[in-house]
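Novice: This structure is in structure tokens; I'll ask about it shortly.
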Amino acid sequence: MRRTVLLTAAISLQGVLALNVTDDASLFWGTYRPNLYFGLKPRLPLSLLTGLAWFGLNDYNGYREIRHSCEQGDGLAGYTWTEHDLRQGGIQVLKDPKNNLELTTELLKFPGGEHGGSWAARIKGRPMDPSHPSKNSLIFSVAIEGLGSLGMDTAATTDGLESAETTFSGSSIDLGDFQIRFVHSESSQMVEEGQLSQEFRDRIGKTHYVGRSLPAGTTWMTKDMIYKAILEFAMPIATKYQEQQKSLPEPAFLLALPDDITSGSNIYAIQKQFEGEFTFDIFYESASGGHRLDASVFEKELKSFKDSFDHRFEHAFPISPSSPPGLVAFSKAITSNLLGGIGYFYGDSIVDASALDRDADEDDDEDQDGFVDDAQIKRNARAAVAPPRGLLTATPSRPFFPRGFYWDEGFHLLHIGAWDNDLSLEILKSWIDLIDENGWVGREQILGAEARSKVPEEFQMQFPTYANPPTLTMAVTAFIERVKHSSPDPLADQLGFADPAQMTFTVPPSADASFDTDRLLDPVAAREYLVSIYPALRRHYDWFRRTQRGQIKQWTGRSARARNEGYRWRGRSEEHVLTSGLDDYPRASSHIGELHLDLISWVGFFSRTMREIAEFLGESDDEQELRQIEADIMMNIDDLHWNEKEQMYCDASVDDDDESFHVCHRGYVSLFPFLLELLPASSSHLKPILDMISDPEQLWSPYGIRSLSKSHPLFGTNENYWRGPIWIQMNFLALRALHKTYAATPGPHQEQAKRIYDELRRNVIDNVFKEYERTGYVWEQYDAITGEGRRSHPFTGWTSLVTLIISEKY
């Protein structure tokens with residue numbers, strides 16, 4: 001049994017009162033459906049879902065391309081949150097050249113009452129090119145999941161709704177009574193003219209609607225419901241015209257919702273068909289909040305939000321006045337897109353039950369005669385459905401990776417924590433709550449049918465012996481640094497076992513005092529929070545070391561001062577080590593005797609961060625144990641992985657004669673002791689690493705550090721995922737290591753480290769900014785030769801770290 005810190009009753013009570021994060025009403029509603037272009041829901045497992053969809057009406061082809069979920073194939077020229085704060089609201093601009101539409105979504109939240117408050121959204125559109133037609137169908141859906149009711153109050157007619165306002169009412173246990181109103185401005189022009197308009201005079205220029213009853217668990221399938229409802233209305237009419245060999249009417253007249261509601265409907269959609277510029281508002285009013293929202297209230301509060309956001313951003317991420325024009329707006333946008341990519345997911349998941357059947361210390365997938373690769377492990381797997389879980393998480397990419405990724409999340413939380421300390425800790429706690437009794441948490445959190453719909457079936461199952469780089473602890477140590485910075489009093493007095501009555505609380509206020517994002521910087525609350533997550537983190541740390549341990553003494557030629565500190569990623573195939581996060585980066589042929597340099601470095605980093613947490617909490621036994629493990633790992637990184645001839649750190653493997661040998665591929669893997677600041681600044685191994693980084697024939701480029709040496713025979717080959725392209729999170733780690741350690745520590749290599757830092761920082765910022773201006777997106781990776789953005793976009797997960805690089809907040 002592991003010792004747990006015992007707090008005095010006085011400290012515990014104060015901490016609980018200050019902690020109280022999970023019930024924070026300011027985080028109740030949000031854009032928690034980041035996979036949609038615009039979708040709102042509360043942080044509840046089963047509740048109200050909303051979403052925006054649209055398609056063009058310039059011809060009949062637009063109907064085949066309804067925009068709803070974020071899709072790279074939609075061909076948008078960009079969609080970006082220009083401002084976003086999860087507690088207040090946000091502004092997003094979407095550019096759809098195929099439909100000649102620039103769409104703006106604006107959201108504001110209004111706190112109050114007992115059910116999470118109210119909110120208002122404004123949807124605005126205008127032609128991207130005013131000289132060309134711009135006719136578009138805008139559809140907003142609302143659905144109720146689980147127990148609750150939802151219905152349309154506005155009197156239903158079979159030929160559309162003439163009034164500019166449409167009202168729905170609903171109720172549920174968690175939301176109480178609520179009302180939703182849809183109101184379009186009088187200046188918005190509905191589509192009323194066109195071919196055969198006289199034959200549709202009873203329907204044109206009106207709001208159309210539909211209500212349907214969908215099976216439980218399928219209300220997220222809004223787009224399918226819209227397709228079907230429009231098709232059922234349009235096909236009989238279109239068939240009649242075709243049989244009479246007549247031209248079809250104006251598309252807007254046929255591509256409309258049918259104006260009917262089936263009994264027991266749990267999903268509704270409202271359709272407005274506009275020509276040219278338009279505006280319509282959606283007001284969600286909680287009965288217990290007491291709000292009566294309208295356009296004038298919205299406009300006043302939106303200006304206040306924008307002013308508040310600008311002021312707070314300037315305070316959180318200062319940028320030099322001499323920076324290039326547009327850099328501030330760019331930095332705001334990538335920060336806002338990271339925040340706008342936060343989602344709340346709930347549902348079951350698929351895991352390999354065969355791994356759960358084995359004892360946690362067993363390693364049945366391998367034996368001394370060879371290595372069982374990933375394909376065979378999957379063949380032996382037994383799929384099981386794990387119980388539903390909830391997760392609040394940022395997402396790497398709204399169209400391509402709209403779910404939680406373990407190794408991305410630590411980087412996300414560095415950025416989020418610099419903006420909103422308590423939000424980052426809320427997300428971190430949500431992840432830690434997923435750690436099971438053995439210490440495992442899945443690499444990907446694919447929760448529920450909607451999440452699974454975006455993942456190929458072969459990648460849906462999670463394996464309880466597979467790890468990922470343990471980046472979550474980055475968020476913990478960043479939090480501890482913020483607590484230390486915010487409290488002028490000695491931490492030993494504030495956080496030890498001093499007299500509670502003598503404690504002072506000196507947390508600085510947020511830049512925007514309308515709500516508090518820094519309650520957990522209170523030293524007592526900080527300690528309570530860390531105490532609450534420490535047992536699960538320690539369990540996870542022990543699982544990580546136990547399940548990823550490698551073999552040292554079993555193979556000839558391996559000499560290490562610490563006999564147990566060698567590590568090997570589980571879950572690899574011959575061509576990929578997906579669990580490392582560096583997928584197709586060159587490795588040795590798969591073998592049970594492999595030892596991976598990046599993994600032992602991550603375990604060293606994990607040990608160090610756990611030691612810092614234990615020290616902060618006064619867990620002296622743990623601190624001493626972790627300090628020894630950290631020291632042993634530091635020794636073994638040199639003993640097992642340094643190759644004197646190549647002057648670099650390398651993986652290790654075993655040949656046919658059971659002899660250990662080094663596997664050296666110049667690139668990100670060979671930098672890991674440097675990237676994670678495990679290498680002392682005084683080490684003789686530092687200069688070869690700095691030389692490798694700064695060599696244009698190896699890793700250096702005008703756009704950032706390449707993932708694989710330009711001179712490597714596999715550079716740019718096959719998938720070319722981690723075989724050259726530039727990744728921003730890895731460049732961030734390099735910049736952080738240079739800034740905090742190697743350029744900051746006096747010694748023979750300090751000046752070289754400073755030069756590399758200055759030029760690398762400039763290169764990364766300039767290229768990501770240039771590509772954003774050129775394409776409208778930030779990207780998953782950047783080309784190793786040209787610097788052009790590649791693969792998933794927008795990728796405002798860890799690529800948004802450029803904001804921290806600009807403001808030098810490492």
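Lettering and numbering for the structure tokens are positional, with chains as A, B, ... in the shown order, residues counted from 1 in each chain, and ligands counted from 1 in the shown order.
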Among range 20-259 of chain A, which ones does DSSP place in alpha helix (DSSP H), written as a PyMOL selection string?

Specialist: chain A and resi 222-243+251-254

Novice: Find the residues near Tyr32 in chain A: any atom within 10 Å, counting only C-alpha atoms, skip ones fewer than 5 places away on the same chain, and give them as a short mmCIF file (atom, residue, chain, number, x, y, z; two decimals) with N, CA and C atoms, in the first residue's frame.

Specialist:
```cif
data_model
loop_
_atom_site.label_atom_id
_atom_site.label_comp_id
_atom_site.auth_asym_id
_atom_site.auth_seq_id
_atom_site.Cartn_x
_atom_site.Cartn_y
_atom_site.Cartn_z
N PHE A 38 -20.20 23.67 -36.31
CA PHE A 38 -20.71 24.44 -35.17
C PHE A 38 -21.72 23.56 -34.46
N GLY A 39 -21.36 23.11 -33.26
CA GLY A 39 -22.25 22.25 -32.49
C GLY A 39 -22.09 22.49 -31.01
N LEU A 40 -23.21 22.59 -30.32
CA LEU A 40 -23.21 22.86 -28.89
C LEU A 40 -23.84 21.70 -28.13
N LYS A 41 -23.35 21.48 -26.92
CA LYS A 41 -23.96 20.53 -26.01
C LYS A 41 -23.47 20.86 -24.61
N PRO A 42 -24.18 20.40 -23.58
CA PRO A 42 -23.67 20.54 -22.22
C PRO A 42 -22.78 19.35 -21.85
N ARG A 43 -22.06 19.49 -20.77
CA ARG A 43 -21.21 18.39 -20.29
C ARG A 43 -22.06 17.39 -19.52
N LEU A 49 -28.44 18.08 -27.89
CA LEU A 49 -27.43 18.22 -28.93
C LEU A 49 -27.91 19.24 -29.95
N LEU A 86 -13.83 29.16 -23.64
CA LEU A 86 -14.84 28.16 -23.33
C LEU A 86 -15.83 28.64 -22.27
N GLY A 340 -11.44 25.91 -29.23
CA GLY A 340 -12.65 25.51 -29.94
C GLY A 340 -12.66 24.05 -30.31
N GLY A 341 -11.51 23.38 -30.19
CA GLY A 341 -11.43 21.96 -30.45
C GLY A 341 -11.64 21.09 -29.22
N ILE A 342 -11.93 21.72 -28.07
CA ILE A 342 -12.21 20.94 -26.86
C ILE A 342 -13.61 20.33 -26.97
N GLY A 343 -13.71 19.06 -26.66
CA GLY A 343 -14.99 18.38 -26.74
C GLY A 343 -15.30 17.59 -25.48
N TYR A 344 -16.56 17.32 -25.30
CA TYR A 344 -16.98 16.40 -24.24
C TYR A 344 -17.55 15.16 -24.92
N PHE A 345 -16.95 14.02 -24.63
CA PHE A 345 -17.32 12.76 -25.27
C PHE A 345 -17.81 11.78 -24.20
N LEU A 392 -13.60 14.98 -21.01
CA LEU A 392 -13.41 16.34 -21.50
C LEU A 392 -11.98 16.43 -22.01
N THR A 393 -11.80 16.76 -23.29
CA THR A 393 -10.46 16.71 -23.86
C THR A 393 -10.35 17.67 -25.03
N ALA A 394 -9.15 18.16 -25.26
CA ALA A 394 -8.87 18.83 -26.52
C ALA A 394 -8.69 17.77 -27.60
#
```

Novice: May I ask which of the residues A:Ser589, A:Ser670, A:Gln242, A:Ser187 is the closest one to Asp656 in chain A, counting only C-alpha atoms?

Specialist: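 Nearest to Asp656 in chain A: A:Ser589.
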
Novice: Nearest residue to Ile267 in chain A out of A:Arg67, A:Lys223, A:Lys809, A:Arg212, using only C-alpha atoms?

Specialist: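 Closest candidate: A:Arg212.
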
Novice: For Thr465 in chain A, work out the shell of residues within 10 Å, counting only C-alpha atoms and skipping chain neighbours fewer than 2 positions away, then give it as an mmCIF file with N, CA and C atoms, in the first residue's frame.

Specialist:
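Here's the written file around-v8.cif:
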```
data_model
loop_
_atom_site.group_PDB
_atom_site.id
_atom_site.type_symbol
_atom_site.label_atom_id
_atom_site.label_comp_id
_atom_site.auth_asym_id
_atom_site.auth_seq_id
_atom_site.Cartn_x
_atom_site.Cartn_y
_atom_site.Cartn_z
ATOM 1 N N ASP A 352 -9.307 -4.845 -25.754
ATOM 2 C CA ASP A 352 -8.895 -6.242 -25.858
ATOM 3 C C ASP A 352 -9.055 -6.900 -24.493
ATOM 4 N N ALA A 355 -6.151 -9.307 -22.855
ATOM 5 C CA ALA A 355 -5.066 -8.744 -22.047
ATOM 6 C C ALA A 355 -5.505 -8.560 -20.605
ATOM 7 N N LEU A 356 -6.774 -8.256 -20.402
ATOM 8 C CA LEU A 356 -7.273 -8.055 -19.044
ATOM 9 C C LEU A 356 -7.361 -9.369 -18.281
ATOM 10 N N ALA A 360 -1.295 -8.754 -14.402
ATOM 11 C CA ALA A 360 -0.668 -7.519 -14.857
ATOM 12 C C ALA A 360 0.829 -7.662 -15.064
ATOM 13 N N ASP A 363 3.676 -11.392 -19.383
ATOM 14 C CA ASP A 363 3.964 -10.877 -20.706
ATOM 15 C C ASP A 363 3.796 -12.015 -21.699
ATOM 16 N N ASP A 365 2.561 -12.367 -24.512
ATOM 17 C CA ASP A 365 2.643 -12.180 -25.951
ATOM 18 C C ASP A 365 4.040 -12.454 -26.488
ATOM 19 N N TRP A 440 -3.723 1.455 -16.279
ATOM 20 C CA TRP A 440 -3.766 1.656 -17.733
ATOM 21 C C TRP A 440 -4.806 2.687 -18.122
ATOM 22 N N VAL A 441 -4.473 3.470 -19.154
ATOM 23 C CA VAL A 441 -5.440 4.335 -19.821
ATOM 24 C C VAL A 441 -5.175 4.210 -21.317
ATOM 25 N N GLY A 442 -6.238 4.124 -22.111
ATOM 26 C CA GLY A 442 -6.086 3.904 -23.541
ATOM 27 C C GLY A 442 -5.404 5.055 -24.260
ATOM 28 N N GLN A 462 -8.584 -0.884 -28.263
ATOM 29 C CA GLN A 462 -7.458 -0.428 -27.441
ATOM 30 C C GLN A 462 -6.921 -1.603 -26.629
ATOM 31 N N PHE A 463 -5.595 -1.618 -26.446
ATOM 32 C CA PHE A 463 -4.917 -2.771 -25.856
ATOM 33 C C PHE A 463 -4.281 -2.377 -24.517
ATOM 34 N N ALA A 467 1.315 1.366 -24.417
ATOM 35 C CA ALA A 467 1.506 2.676 -23.810
ATOM 36 C C ALA A 467 1.608 3.741 -24.897
ATOM 37 N N TRP A 543 2.412 1.101 -13.689
ATOM 38 C CA TRP A 543 1.982 0.286 -14.842
ATOM 39 C C TRP A 543 2.907 0.523 -16.026
ATOM 40 N N PHE A 544 3.249 1.758 -16.268
ATOM 41 C CA PHE A 544 4.066 2.107 -17.424
ATOM 42 C C PHE A 544 5.422 1.407 -17.361
ATOM 43 N N ARG A 546 6.245 -1.191 -15.578
ATOM 44 C CA ARG A 546 6.101 -2.649 -15.517
ATOM 45 C C ARG A 546 5.824 -3.245 -16.900
ATOM 46 N N THR A 547 4.939 -2.626 -17.650
ATOM 47 C CA THR A 547 4.507 -3.225 -18.915
ATOM 48 C C THR A 547 5.455 -2.938 -20.072
ATOM 49 N N GLN A 548 6.279 -1.913 -19.964
ATOM 50 C CA GLN A 548 7.164 -1.552 -21.084
ATOM 51 C C GLN A 548 8.626 -1.904 -20.800
ATOM 52 N N TRP A 569 8.992 -0.491 -26.427
ATOM 53 C CA TRP A 569 7.586 -0.264 -26.738
ATOM 54 C C TRP A 569 6.882 -1.572 -27.083
ATOM 55 N N ARG A 570 5.753 -1.833 -26.467
ATOM 56 C CA ARG A 570 4.887 -2.928 -26.872
ATOM 57 C C ARG A 570 3.955 -2.436 -27.982
ATOM 58 N N GLY A 571 3.469 -3.387 -28.780
ATOM 59 C CA GLY A 571 2.477 -3.050 -29.784
ATOM 60 C C GLY A 571 3.060 -2.578 -31.092
#
```

Novice: So that I can check the surroundings of Phe400 in chain A, please list as a PyMOL selection string every protein, DNA and RNA residue that reaches within 8 Å of it, counting only C-alpha atoms and ignoring chain neighbours fewer than 5 positions away.

Specialist: chain A and resi 71-72+454+792-793

Novice: Could you give me, as a tab-separated table, a per-residue list for range 364-459 of chain A showing, wherever an atom lies at most 10 Å from an atom of range 516-534 of chain A, the closest pair of atoms and their distance in Å to one decimal, using only C-alpha atoms and sorting by chain then residue number from low to high?

Specialist:
```
residue	atom	partner	partner_atom	distance
A:Gly417	CA	A:Thr517	CA	9.6
A:Trp419	CA	A:Thr517	CA	8.5
A:Asp420	CA	A:Thr517	CA	5.3
A:Asn421	CA	A:Asp518	CA	5.6
A:Asp422	CA	A:Thr517	CA	5.4
A:Leu423	CA	A:Thr517	CA	7.1
A:Ser424	CA	A:Thr517	CA	9.7
A:Leu425	CA	A:Leu520	CA	8.5
A:Leu428	CA	A:Ile533	CA	9.2
A:Lys429	CA	A:Ile533	CA	7.1
A:Ile432	CA	A:Ile533	CA	6.9
A:Asp433	CA	A:Ile533	CA	8.3
```

Novice: Which residues come within 12 Å of Glu250 in chain A, counting only C-alpha atoms, excluding same-chain residues fewer than 4 positions away, as a compact mmCIF listing (two decimals) with all heavy atoms, in the first residue's frame?

Specialist:
```
# COMPACT_ATOMS: atom_id res chain seq x y z
N LEU A 57 -27.62 26.52 -52.86
CA LEU A 57 -28.85 26.44 -53.63
C LEU A 57 -28.70 27.04 -55.02
O LEU A 57 -29.69 27.30 -55.71
CB LEU A 57 -29.98 27.18 -52.89
CG LEU A 57 -30.46 26.55 -51.57
CD1 LEU A 57 -31.38 27.50 -50.83
CD2 LEU A 57 -31.14 25.22 -51.83
N ASN A 58 -27.47 27.27 -55.43
CA ASN A 58 -27.26 27.83 -56.77
C ASN A 58 -27.60 26.80 -57.85
O ASN A 58 -27.92 27.17 -58.98
CB ASN A 58 -25.82 28.30 -56.93
CG ASN A 58 -25.52 29.49 -56.03
OD1 ASN A 58 -26.34 30.40 -55.89
ND2 ASN A 58 -24.36 29.49 -55.39
N ASP A 59 -27.48 25.52 -57.50
CA ASP A 59 -27.90 24.45 -58.40
C ASP A 59 -28.25 23.24 -57.56
O ASP A 59 -28.15 23.26 -56.33
CB ASP A 59 -26.82 24.11 -59.43
CG ASP A 59 -25.48 23.78 -58.80
OD1 ASP A 59 -25.47 23.02 -57.79
OD2 ASP A 59 -24.45 24.29 -59.28
N TYR A 60 -28.64 22.14 -58.21
CA TYR A 60 -29.07 20.96 -57.47
C TYR A 60 -27.90 20.15 -56.91
O TYR A 60 -28.10 19.27 -56.08
CB TYR A 60 -29.95 20.07 -58.35
CG TYR A 60 -31.39 20.54 -58.39
CD1 TYR A 60 -31.82 21.41 -59.39
CD2 TYR A 60 -32.30 20.14 -57.42
CE1 TYR A 60 -33.13 21.85 -59.42
CE2 TYR A 60 -33.61 20.57 -57.44
CZ TYR A 60 -34.02 21.44 -58.44
OH TYR A 60 -35.33 21.88 -58.47
N LYS A 135 -26.78 31.71 -52.96
CA LYS A 135 -28.03 31.21 -52.38
C LYS A 135 -27.69 29.99 -51.55
O LYS A 135 -27.04 29.06 -52.04
CB LYS A 135 -29.02 30.83 -53.47
CG LYS A 135 -29.44 31.99 -54.37
CD LYS A 135 -30.40 31.51 -55.46
CE LYS A 135 -30.79 32.65 -56.39
NZ LYS A 135 -31.72 32.21 -57.46
N VAL A 191 -35.02 33.25 -50.26
CA VAL A 191 -35.14 32.95 -51.69
C VAL A 191 -36.62 32.89 -52.05
O VAL A 191 -37.35 32.02 -51.58
CB VAL A 191 -34.45 31.61 -52.03
CG1 VAL A 191 -34.62 31.32 -53.53
CG2 VAL A 191 -32.98 31.65 -51.66
N GLU A 192 -37.04 33.85 -52.87
CA GLU A 192 -38.46 33.93 -53.24
C GLU A 192 -38.67 33.97 -54.75
O GLU A 192 -39.79 33.76 -55.22
CB GLU A 192 -39.09 35.19 -52.61
CG GLU A 192 -39.10 35.14 -51.09
CD GLU A 192 -39.73 36.39 -50.48
OE1 GLU A 192 -39.88 37.39 -51.21
OE2 GLU A 192 -40.06 36.35 -49.29
N GLU A 193 -37.63 34.27 -55.49
CA GLU A 193 -37.75 34.36 -56.94
C GLU A 193 -37.04 33.19 -57.59
O GLU A 193 -36.07 32.64 -57.05
CB GLU A 193 -37.14 35.68 -57.44
CG GLU A 193 -37.75 36.92 -56.84
CD GLU A 193 -39.21 37.10 -57.24
OE1 GLU A 193 -39.59 36.63 -58.35
OE2 GLU A 193 -39.98 37.69 -56.46
N GLY A 194 -37.51 32.80 -58.76
CA GLY A 194 -36.88 31.72 -59.49
C GLY A 194 -37.87 31.00 -60.38
O GLY A 194 -39.09 31.30 -60.38
N GLN A 195 -37.36 30.05 -61.11
CA GLN A 195 -38.17 29.32 -62.07
C GLN A 195 -39.35 28.62 -61.39
O GLN A 195 -39.18 27.93 -60.38
CB GLN A 195 -37.31 28.30 -62.81
CG GLN A 195 -38.06 27.55 -63.91
CD GLN A 195 -37.11 26.91 -64.89
OE1 GLN A 195 -36.47 27.61 -65.65
NE2 GLN A 195 -37.04 25.59 -64.86
N LEU A 196 -40.54 28.83 -61.94
CA LEU A 196 -41.79 28.21 -61.46
C LEU A 196 -42.17 28.67 -60.06
O LEU A 196 -42.82 27.94 -59.30
CB LEU A 196 -41.69 26.68 -61.50
CG LEU A 196 -41.37 26.07 -62.87
CD1 LEU A 196 -41.21 24.55 -62.74
CD2 LEU A 196 -42.48 26.39 -63.87
N SER A 197 -41.76 29.90 -59.69
CA SER A 197 -42.04 30.38 -58.33
C SER A 197 -43.55 30.43 -58.05
O SER A 197 -43.99 30.22 -56.92
CB SER A 197 -41.43 31.77 -58.13
OG SER A 197 -41.96 32.69 -59.07
N GLN A 198 -44.34 30.70 -59.09
CA GLN A 198 -45.79 30.79 -58.87
C GLN A 198 -46.38 29.47 -58.40
O GLN A 198 -47.36 29.45 -57.65
CB GLN A 198 -46.47 31.25 -60.16
CG GLN A 198 -46.31 32.74 -60.45
CD GLN A 198 -46.86 33.59 -59.32
OE1 GLN A 198 -48.00 33.38 -58.87
NE2 GLN A 198 -46.08 34.54 -58.85
N GLU A 199 -45.78 28.36 -58.85
CA GLU A 199 -46.32 27.06 -58.46
C GLU A 199 -46.00 26.70 -57.01
O GLU A 199 -46.54 25.74 -56.47
CB GLU A 199 -45.78 25.98 -59.40
CG GLU A 199 -46.21 26.18 -60.85
CD GLU A 199 -45.80 25.03 -61.76
OE1 GLU A 199 -45.58 23.91 -61.22
OE2 GLU A 199 -45.71 25.24 -62.98
N PHE A 200 -45.10 27.49 -56.37
CA PHE A 200 -44.71 27.21 -54.99
C PHE A 200 -44.97 28.43 -54.10
O PHE A 200 -44.35 28.57 -53.05
CB PHE A 200 -43.22 26.84 -54.94
CG PHE A 200 -42.88 25.55 -55.62
CD1 PHE A 200 -42.60 25.52 -56.98
CD2 PHE A 200 -42.88 24.35 -54.91
CE1 PHE A 200 -42.30 24.32 -57.62
CE2 PHE A 200 -42.60 23.16 -55.55
CZ PHE A 200 -42.31 23.14 -56.91
N ILE A 204 -42.73 29.38 -50.56
CA ILE A 204 -41.47 30.12 -50.70
C ILE A 204 -41.40 31.27 -49.70
O ILE A 204 -42.42 31.82 -49.26
CB ILE A 204 -41.29 30.65 -52.13
CG1 ILE A 204 -42.42 31.60 -52.52
CG2 ILE A 204 -41.18 29.49 -53.11
CD1 ILE A 204 -42.24 32.21 -53.91
N ALA A 234 -38.72 16.06 -51.92
CA ALA A 234 -38.40 16.53 -53.27
C ALA A 234 -38.68 15.50 -54.36
O ALA A 234 -39.10 15.86 -55.48
CB ALA A 234 -36.93 16.94 -53.33
N ALA A 238 -40.19 16.19 -58.05
CA ALA A 238 -39.24 16.15 -59.17
C ALA A 238 -39.65 15.11 -60.20
O ALA A 238 -39.56 15.34 -61.42
CB ALA A 238 -37.84 15.87 -58.64
N LEU A 254 -37.54 22.97 -54.15
CA LEU A 254 -37.62 21.52 -53.96
C LEU A 254 -36.77 21.03 -52.80
O LEU A 254 -37.16 20.10 -52.09
CB LEU A 254 -37.18 20.79 -55.24
CG LEU A 254 -38.18 20.65 -56.37
CD1 LEU A 254 -37.65 19.65 -57.39
CD2 LEU A 254 -39.53 20.20 -55.86
N LEU A 255 -35.58 21.62 -52.62
CA LEU A 255 -34.64 21.11 -51.62
C LEU A 255 -34.97 21.69 -50.26
O LEU A 255 -34.21 22.45 -49.65
CB LEU A 255 -33.21 21.44 -52.03
CG LEU A 255 -32.78 20.87 -53.39
CD1 LEU A 255 -31.36 21.29 -53.73
CD2 LEU A 255 -32.90 19.35 -53.40
N ALA A 256 -36.13 21.32 -49.78
CA ALA A 256 -36.66 21.88 -48.54
C ALA A 256 -37.12 20.77 -47.60
O ALA A 256 -37.48 19.68 -48.03
CB ALA A 256 -37.82 22.82 -48.85
N GLN A 273 -33.77 29.53 -46.05
CA GLN A 273 -33.12 29.59 -47.35
C GLN A 273 -32.91 31.06 -47.73
O GLN A 273 -33.86 31.80 -47.93
CB GLN A 273 -33.98 28.88 -48.39
CG GLN A 273 -34.17 27.41 -48.09
CD GLN A 273 -35.22 26.76 -48.96
OE1 GLN A 273 -36.33 27.26 -49.08
NE2 GLN A 273 -34.87 25.64 -49.57
```

Novice: For Val93 in chain A, please output as a list of chain:residue names all residues within 10 Å (counting only C-alpha atoms; exclusion window: fewer than 6 positions along the same chain).

Specialist: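 So, after excluding close chain neighbours, the residues are A:Gly78, A:Tyr79, A:Thr80, A:Trp81, A:Thr82, A:Glu83, A:Glu102, A:Leu103, A:Thr104, A:Thr105, A:Glu106, A:Lys124, A:Gly125.
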
Novice: As a list in words, please: the residues near Lys770 in chain A (cut-off 10 Å, only C-alpha atoms, same-chain neighbours under 6 positions excluded).

Specialist: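 The residues that qualify are Leu327, Val764, Gly776, Val778, Gly787, Glu788 and Gly789 of chain A.
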
Novice: Measuring atom to atom with only C-alpha atoms, identify which of A:Ile765, A:Leu94, A:Gln189, A:Ser286 is nearest to Glu114 in chain A.

Specialist: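 Smallest distance to Glu114 in chain A is found for A:Ser286.
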
Novice: Work out how far apart CA of Tyr284 in chain A and CA of Ile180 in chain A are and give it in Å to one decimal.

Specialist: 4.6 Å

Novice: Tell me, in Å to one decimal, how far CA of Gly404 in chain A is from CA of Pro469 in chain A.

Specialist: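 Straight-line distance from CA of Gly404 in chain A to CA of Pro469 in chain A works out to 14.1 Å.
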
Novice: In Å to one decimal, how far is CA of Ala652 in chain A from CA of Gly566 in chain A?

Specialist: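 Separation of CA of Gly566 in chain A and CA of Ala652 in chain A: 10.0 Å.
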
Novice: Write out as a PyMOL selection string all residues of range 100-259 of chain A that backbone DSSP assigns to strand (DSSP E or B).

Specialist: chain A and resi 101-110+118-126+135-144+149-152+161+165-172+176-184+190+207-212

Novice: Determine, for each residue of range 656-743 of chain A having at least one atom at most 9 Å from an atom of range 605-608 of chain A, the closest pair of atoms and their separation in Å to one decimal, counting only C-alpha atoms; order by chain and ascending number, as CSV.

Specialist:
```
residue,atom,partner,partner_atom,distance
A:Leu676,CA,A:Phe605,CA,6.5
A:Glu677,CA,A:Phe605,CA,8.3
A:Leu678,CA,A:Phe605,CA,7.3
```
